[in-house]
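Undergrad: Pasting a structure here, questions to come.
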Amino acid sequence: MMVHNKIIKTVAIFLSLCMMFLSLTDQVEAKSKGKKPIVISFDHRRNIGSTKGMSTDAVSSATIYSGATGEKKSTIEVIRSTIKSGTGAANFNIKVKKTYSKNYRKTVNRARKEIDNDTQVKLVKKKVSGLKKYDTVYLVIPVWHATLPQPVKVFLKANDFSGKKIYVFGSHLGSGFGENVEKIKELCPDAKVIAGKAYEGDAKNKSVKKSVKKWLKANS
């Protein structure tokens, strides 16, 4: 009888330890999943179709092919892909339903009107599914007319970034971040918005990639 009781007691202890182990494993996995980052980008190049032969300008500054520098990737794309590969982040691209014109002046005018009139630009996908599981957001966007592109503003208003860290990366033609960081803070008051890096629109792909990698290493 005593041996039988000892066996039962040993089995009970073993099962208890197994349950504790499984519980800790679930907690670690849940914590790990919760920390997975996501990179969200708005690239003008992805919203007008082919950009062959077009030059970089004030509106699409670092998002399209630049004939002047001979670079084939936009600065936005270089930042996005470098962060994604360097962090294992999920990816989301902000896309408009009504694409922008390939004509420089028409695109400039439309962007200006959208910003001035606070146009509710229609997006292909307005919300990020499962956004709650991401604690860190890398927001990679261009500076349009020294402020947020209207599609980005519409997107930010449609999603809840409460409790998240938002690292802002951008492209410009001399304005730096412009109003972007402050505007994002206004639109996401319950998130911690942090300025990452802003790059000139005609910067070399290689130098941007190297800089982003360095930033990620210093801030990991």
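Following the order of the structure tokens, chains are lettered A, B, ..., residues in each are numbered from 1, and ligands are numbered from 1.
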Looking only at the backbone, which of the residues in stretch 69-181 of chain A does DSSP tag as helix (DSSP H, G or I), as a PDB file with N, CA and C atoms, in the first residue's frame?
TA:
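New file states.pdb:
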```pdb
ATOM      1  N   THR A  75      13.661  55.184 -52.045  1.00  0.00           N
ATOM      2  CA  THR A  75      14.207  55.220 -50.690  1.00  0.00           C
ATOM      3  C   THR A  75      13.235  54.549 -49.726  1.00  0.00           C
ATOM      4  N   ILE A  76      11.945  54.773 -49.918  1.00  0.00           N
ATOM      5  CA  ILE A  76      10.931  54.139 -49.079  1.00  0.00           C
ATOM      6  C   ILE A  76      11.055  52.622 -49.150  1.00  0.00           C
ATOM      7  N   GLU A  77      11.221  52.097 -50.360  1.00  0.00           N
ATOM      8  CA  GLU A  77      11.329  50.654 -50.540  1.00  0.00           C
ATOM      9  C   GLU A  77      12.600  50.108 -49.886  1.00  0.00           C
ATOM     10  N   VAL A  78      13.697  50.845 -49.983  1.00  0.00           N
ATOM     11  CA  VAL A  78      14.953  50.402 -49.369  1.00  0.00           C
ATOM     12  C   VAL A  78      14.804  50.356 -47.850  1.00  0.00           C
ATOM     13  N   ILE A  79      14.208  51.399 -47.274  1.00  0.00           N
ATOM     14  CA  ILE A  79      13.998  51.434 -45.821  1.00  0.00           C
ATOM     15  C   ILE A  79      13.100  50.274 -45.399  1.00  0.00           C
ATOM     16  N   ARG A  80      11.982  50.114 -46.099  1.00  0.00           N
ATOM     17  CA  ARG A  80      11.002  49.075 -45.764  1.00  0.00           C
ATOM     18  C   ARG A  80      11.628  47.679 -45.803  1.00  0.00           C
ATOM     19  N   SER A  81      12.288  47.364 -46.892  1.00  0.00           N
ATOM     20  CA  SER A  81      12.850  46.022 -47.064  1.00  0.00           C
ATOM     21  C   SER A  81      13.995  45.753 -46.092  1.00  0.00           C
ATOM     22  N   THR A  82      14.777  46.782 -45.775  1.00  0.00           N
ATOM     23  CA  THR A  82      15.892  46.611 -44.832  1.00  0.00           C
ATOM     24  C   THR A  82      15.376  46.346 -43.419  1.00  0.00           C
ATOM     25  N   ILE A  83      14.337  47.065 -43.017  1.00  0.00           N
ATOM     26  CA  ILE A  83      13.741  46.842 -41.699  1.00  0.00           C
ATOM     27  C   ILE A  83      13.093  45.461 -41.635  1.00  0.00           C
ATOM     28  N   LYS A  84      12.399  45.110 -42.687  1.00  0.00           N
ATOM     29  CA  LYS A  84      11.710  43.816 -42.719  1.00  0.00           C
ATOM     30  C   LYS A  84      12.703  42.654 -42.591  1.00  0.00           C
ATOM     31  N   SER A  85      13.771  42.712 -43.368  1.00  0.00           N
ATOM     32  CA  SER A  85      14.754  41.621 -43.333  1.00  0.00           C
ATOM     33  C   SER A  85      15.575  41.644 -42.048  1.00  0.00           C
ATOM     34  N   GLY A  86      15.775  42.828 -41.487  1.00  0.00           N
ATOM     35  CA  GLY A  86      16.592  42.954 -40.286  1.00  0.00           C
ATOM     36  C   GLY A  86      15.880  42.621 -38.995  1.00  0.00           C
ATOM     37  N   THR A  87      14.544  42.670 -39.004  1.00  0.00           N
ATOM     38  CA  THR A  87      13.779  42.430 -37.777  1.00  0.00           C
ATOM     39  C   THR A  87      12.823  41.246 -37.876  1.00  0.00           C
ATOM     40  N   TYR A 104       3.709  64.373 -63.182  1.00  0.00           N
ATOM     41  CA  TYR A 104       4.219  65.041 -61.976  1.00  0.00           C
ATOM     42  C   TYR A 104       3.294  66.137 -61.459  1.00  0.00           C
ATOM     43  N   ARG A 105       2.926  67.072 -62.325  1.00  0.00           N
ATOM     44  CA  ARG A 105       2.121  68.209 -61.904  1.00  0.00           C
ATOM     45  C   ARG A 105       0.744  67.788 -61.409  1.00  0.00           C
ATOM     46  N   LYS A 106       0.142  66.813 -62.073  1.00  0.00           N
ATOM     47  CA  LYS A 106      -1.180  66.341 -61.652  1.00  0.00           C
ATOM     48  C   LYS A 106      -1.113  65.684 -60.275  1.00  0.00           C
ATOM     49  N   THR A 107      -0.051  64.956 -60.037  1.00  0.00           N
ATOM     50  CA  THR A 107       0.117  64.297 -58.747  1.00  0.00           C
ATOM     51  C   THR A 107       0.338  65.322 -57.645  1.00  0.00           C
ATOM     52  N   VAL A 108       1.150  66.320 -57.919  1.00  0.00           N
ATOM     53  CA  VAL A 108       1.400  67.396 -56.953  1.00  0.00           C
ATOM     54  C   VAL A 108       0.090  68.097 -56.584  1.00  0.00           C
ATOM     55  N   ASN A 109      -0.688  68.434 -57.609  1.00  0.00           N
ATOM     56  CA  ASN A 109      -1.947  69.154 -57.386  1.00  0.00           C
ATOM     57  C   ASN A 109      -2.952  68.311 -56.604  1.00  0.00           C
ATOM     58  N   ARG A 110      -3.040  67.059 -56.968  1.00  0.00           N
ATOM     59  CA  ARG A 110      -3.994  66.181 -56.259  1.00  0.00           C
ATOM     60  C   ARG A 110      -3.602  66.032 -54.794  1.00  0.00           C
ATOM     61  N   ALA A 111      -2.319  65.812 -54.536  1.00  0.00           N
ATOM     62  CA  ALA A 111      -1.845  65.649 -53.160  1.00  0.00           C
ATOM     63  C   ALA A 111      -2.131  66.902 -52.334  1.00  0.00           C
ATOM     64  N   ARG A 112      -1.899  68.076 -52.945  1.00  0.00           N
ATOM     65  CA  ARG A 112      -2.150  69.339 -52.253  1.00  0.00           C
ATOM     66  C   ARG A 112      -3.629  69.507 -51.905  1.00  0.00           C
ATOM     67  N   LYS A 113      -4.486  69.188 -52.854  1.00  0.00           N
ATOM     68  CA  LYS A 113      -5.936  69.309 -52.633  1.00  0.00           C
ATOM     69  C   LYS A 113      -6.409  68.338 -51.557  1.00  0.00           C
ATOM     70  N   GLU A 114      -5.887  67.130 -51.585  1.00  0.00           N
ATOM     71  CA  GLU A 114      -6.287  66.134 -50.588  1.00  0.00           C
ATOM     72  C   GLU A 114      -5.936  66.596 -49.184  1.00  0.00           C
ATOM     73  N   ILE A 115      -4.758  67.167 -49.044  1.00  0.00           N
ATOM     74  CA  ILE A 115      -4.312  67.654 -47.732  1.00  0.00           C
ATOM     75  C   ILE A 115      -5.125  68.863 -47.299  1.00  0.00           C
ATOM     76  N   ASP A 116      -5.314  69.823 -48.192  1.00  0.00           N
ATOM     77  CA  ASP A 116      -6.054  71.047 -47.868  1.00  0.00           C
ATOM     78  C   ASP A 116      -7.513  70.777 -47.526  1.00  0.00           C
ATOM     79  N   LEU A 131      -3.795  43.621 -35.675  1.00  0.00           N
ATOM     80  CA  LEU A 131      -2.841  44.656 -35.267  1.00  0.00           C
ATOM     81  C   LEU A 131      -2.467  44.549 -33.783  1.00  0.00           C
ATOM     82  N   LYS A 132      -3.371  43.990 -32.987  1.00  0.00           N
ATOM     83  CA  LYS A 132      -3.129  43.892 -31.547  1.00  0.00           C
ATOM     84  C   LYS A 132      -1.890  43.070 -31.193  1.00  0.00           C
ATOM     85  N   LYS A 133      -1.532  42.135 -32.059  1.00  0.00           N
ATOM     86  CA  LYS A 133      -0.394  41.259 -31.725  1.00  0.00           C
ATOM     87  C   LYS A 133       0.960  41.907 -31.986  1.00  0.00           C
ATOM     88  N   GLN A 150      -2.138  62.375 -47.366  1.00  0.00           N
ATOM     89  CA  GLN A 150      -3.495  62.160 -46.889  1.00  0.00           C
ATOM     90  C   GLN A 150      -3.870  60.679 -46.737  1.00  0.00           C
ATOM     91  N   PRO A 151      -3.434  59.788 -47.632  1.00  0.00           N
ATOM     92  CA  PRO A 151      -3.743  58.363 -47.438  1.00  0.00           C
ATOM     93  C   PRO A 151      -3.207  57.819 -46.104  1.00  0.00           C
ATOM     94  N   VAL A 152      -2.055  58.319 -45.686  1.00  0.00           N
ATOM     95  CA  VAL A 152      -1.466  57.876 -44.417  1.00  0.00           C
ATOM     96  C   VAL A 152      -2.314  58.377 -43.252  1.00  0.00           C
ATOM     97  N   LYS A 153      -2.767  59.606 -43.344  1.00  0.00           N
ATOM     98  CA  LYS A 153      -3.613  60.181 -42.292  1.00  0.00           C
ATOM     99  C   LYS A 153      -4.906  59.380 -42.141  1.00  0.00           C
ATOM    100  N   VAL A 154      -5.539  59.050 -43.263  1.00  0.00           N
ATOM    101  CA  VAL A 154      -6.778  58.266 -43.243  1.00  0.00           C
ATOM    102  C   VAL A 154      -6.524  56.899 -42.613  1.00  0.00           C
ATOM    103  N   PHE A 155      -5.417  56.291 -42.975  1.00  0.00           N
ATOM    104  CA  PHE A 155      -5.050  54.975 -42.449  1.00  0.00           C
ATOM    105  C   PHE A 155      -4.835  55.019 -40.937  1.00  0.00           C
ATOM    106  N   LEU A 156      -4.088  55.988 -40.464  1.00  0.00           N
ATOM    107  CA  LEU A 156      -3.789  56.085 -39.030  1.00  0.00           C
ATOM    108  C   LEU A 156      -5.054  56.303 -38.206  1.00  0.00           C
ATOM    109  N   LYS A 157      -5.980  57.074 -38.728  1.00  0.00           N
ATOM    110  CA  LYS A 157      -7.235  57.344 -38.021  1.00  0.00           C
ATOM    111  C   LYS A 157      -8.114  56.095 -37.944  1.00  0.00           C
ATOM    112  N   ALA A 158      -7.936  55.184 -38.882  1.00  0.00           N
ATOM    113  CA  ALA A 158      -8.784  53.988 -38.952  1.00  0.00           C
ATOM    114  C   ALA A 158      -8.280  52.838 -38.066  1.00  0.00           C
ATOM    115  N   ASN A 180       5.491  65.476 -39.994  1.00  0.00           N
ATOM    116  CA  ASN A 180       5.048  64.094 -39.882  1.00  0.00           C
ATOM    117  C   ASN A 180       5.012  63.534 -38.461  1.00  0.00           C
ATOM    118  N   VAL A 181       6.097  63.684 -37.716  1.00  0.00           N
ATOM    119  CA  VAL A 181       6.160  63.104 -36.378  1.00  0.00           C
ATOM    120  C   VAL A 181       5.097  63.705 -35.465  1.00  0.00           C
TER     121      VAL A 181
END
```
Undergrad: Please, what distance in Å, to one decimal, runs between atom CA of A:Val39 and atom CA of A:Leu216?
TA: 12.9 Å
Undergrad: Name the residues in contact with stretch 169-173 of chain A at a cut-off of 12 Å, using only C-alpha atoms, excluding same-chain residues fewer than 5 positions from it; report them as a compact mmCIF listing (two decimals) with C-alpha atoms, in the first residue's frame.
TA:
```txt
# COMPACT_ATOMS: atom_id res chain seq x y z
CA VAL A 39 6.55 47.56 -40.93
CA ILE A 40 3.85 49.72 -42.51
CA SER A 41 4.73 51.77 -45.56
CA PHE A 42 3.21 54.13 -48.08
CA ASP A 43 5.18 54.13 -51.30
CA HIS A 44 4.02 56.40 -54.10
CA THR A 56 12.18 62.33 -58.13
CA ASP A 57 10.08 65.36 -57.10
CA ALA A 58 8.75 67.14 -54.05
CA VAL A 59 5.68 64.98 -53.74
CA SER A 60 6.97 61.50 -54.44
CA SER A 61 10.41 62.43 -53.21
CA ALA A 62 11.92 59.17 -52.15
CA THR A 63 9.31 56.81 -53.40
CA ILE A 64 9.95 56.58 -57.13
CA SER A 74 12.82 54.10 -54.03
CA THR A 75 14.21 55.22 -50.69
CA ILE A 76 10.93 54.14 -49.08
CA GLU A 77 11.33 50.65 -50.54
CA VAL A 78 14.95 50.40 -49.37
CA ILE A 79 14.00 51.43 -45.82
CA ARG A 80 11.00 49.07 -45.76
CA THR A 82 15.89 46.61 -44.83
CA ILE A 83 13.74 46.84 -41.70
CA VAL A 137 5.42 49.52 -35.61
CA TYR A 138 7.89 50.86 -38.15
CA LEU A 139 6.04 53.49 -40.16
CA VAL A 140 7.87 54.26 -43.42
CA ILE A 141 6.37 57.19 -45.32
CA PRO A 142 7.32 60.12 -47.54
CA VAL A 143 6.88 63.79 -46.64
CA TRP A 144 4.32 65.42 -48.95
CA HIS A 145 4.12 69.19 -48.88
CA ALA A 146 6.02 69.14 -45.56
CA THR A 147 3.34 66.98 -43.91
CA LEU A 148 1.62 63.60 -43.93
CA PRO A 149 0.28 62.23 -47.22
CA GLY A 178 8.42 68.05 -41.76
CA GLU A 179 5.27 67.87 -39.63
CA ASN A 180 5.05 64.09 -39.88
CA VAL A 181 6.16 63.10 -36.38
CA ILE A 184 1.36 61.14 -36.03
CA VAL A 193 5.83 57.91 -31.33
CA ILE A 194 9.58 58.04 -31.89
CA ALA A 195 11.48 59.70 -34.74
CA GLY A 196 13.67 57.12 -36.46
CA LYS A 197 15.51 58.39 -39.52
CA ALA A 198 14.61 60.63 -42.45
CA TYR A 199 16.53 60.46 -45.72
CA GLU A 200 16.91 62.65 -48.77
CA GLY A 201 14.78 61.45 -51.64
CA ASP A 202 17.72 61.08 -54.00
CA ALA A 203 20.00 59.31 -51.51
CA VAL A 208 20.33 54.30 -46.96
CA SER A 211 22.28 53.63 -42.32
CA VAL A 212 19.07 51.74 -41.53
CA TRP A 215 20.10 52.26 -36.66
CA LEU A 216 18.49 48.86 -36.13
```
Undergrad: Record the distance separating atom CA of A:Pro37 and atom CA of A:Gly176, expressed in Å with one decimal.
TA: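 Computed distance, atom CA of A:Pro37 to atom CA of A:Gly176, equals 24.6 Å.
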Undergrad: Could you work out how far atom CA of A:Lys122 lies from atom CA of A:Asp160, giving the answer in Å with one decimal?
TA: 18.1 Å
Undergrad: So which one's closest to A:Lys125, A:Lys102, A:Lys165, A:Lys97, A:Lys35? Using only C-alpha atoms, please.
TA: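 Closest residue, counting only C-alpha atoms: A:Lys97.
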Undergrad: Using DSSP on the backbone coordinates, identify all residues within stretch 88-204 of chain A classified as strand (DSSP E); present the result as a list in words.
TA: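 In stretch 88-204 of chain A, DSSP puts these residues in strand (DSSP E): Ala90, Asn91, Phe92, Asn93, Thr136, Val137, Tyr138, Leu139, Val140, Ile141, Pro142, Lys165, Ile166, Tyr167, Val168, Phe169, Gly170, Ser171, His172, Lys192, Val193, Ile194, Ala195, Gly196, Lys197, Ala198, Tyr199 and Glu200 of chain A.
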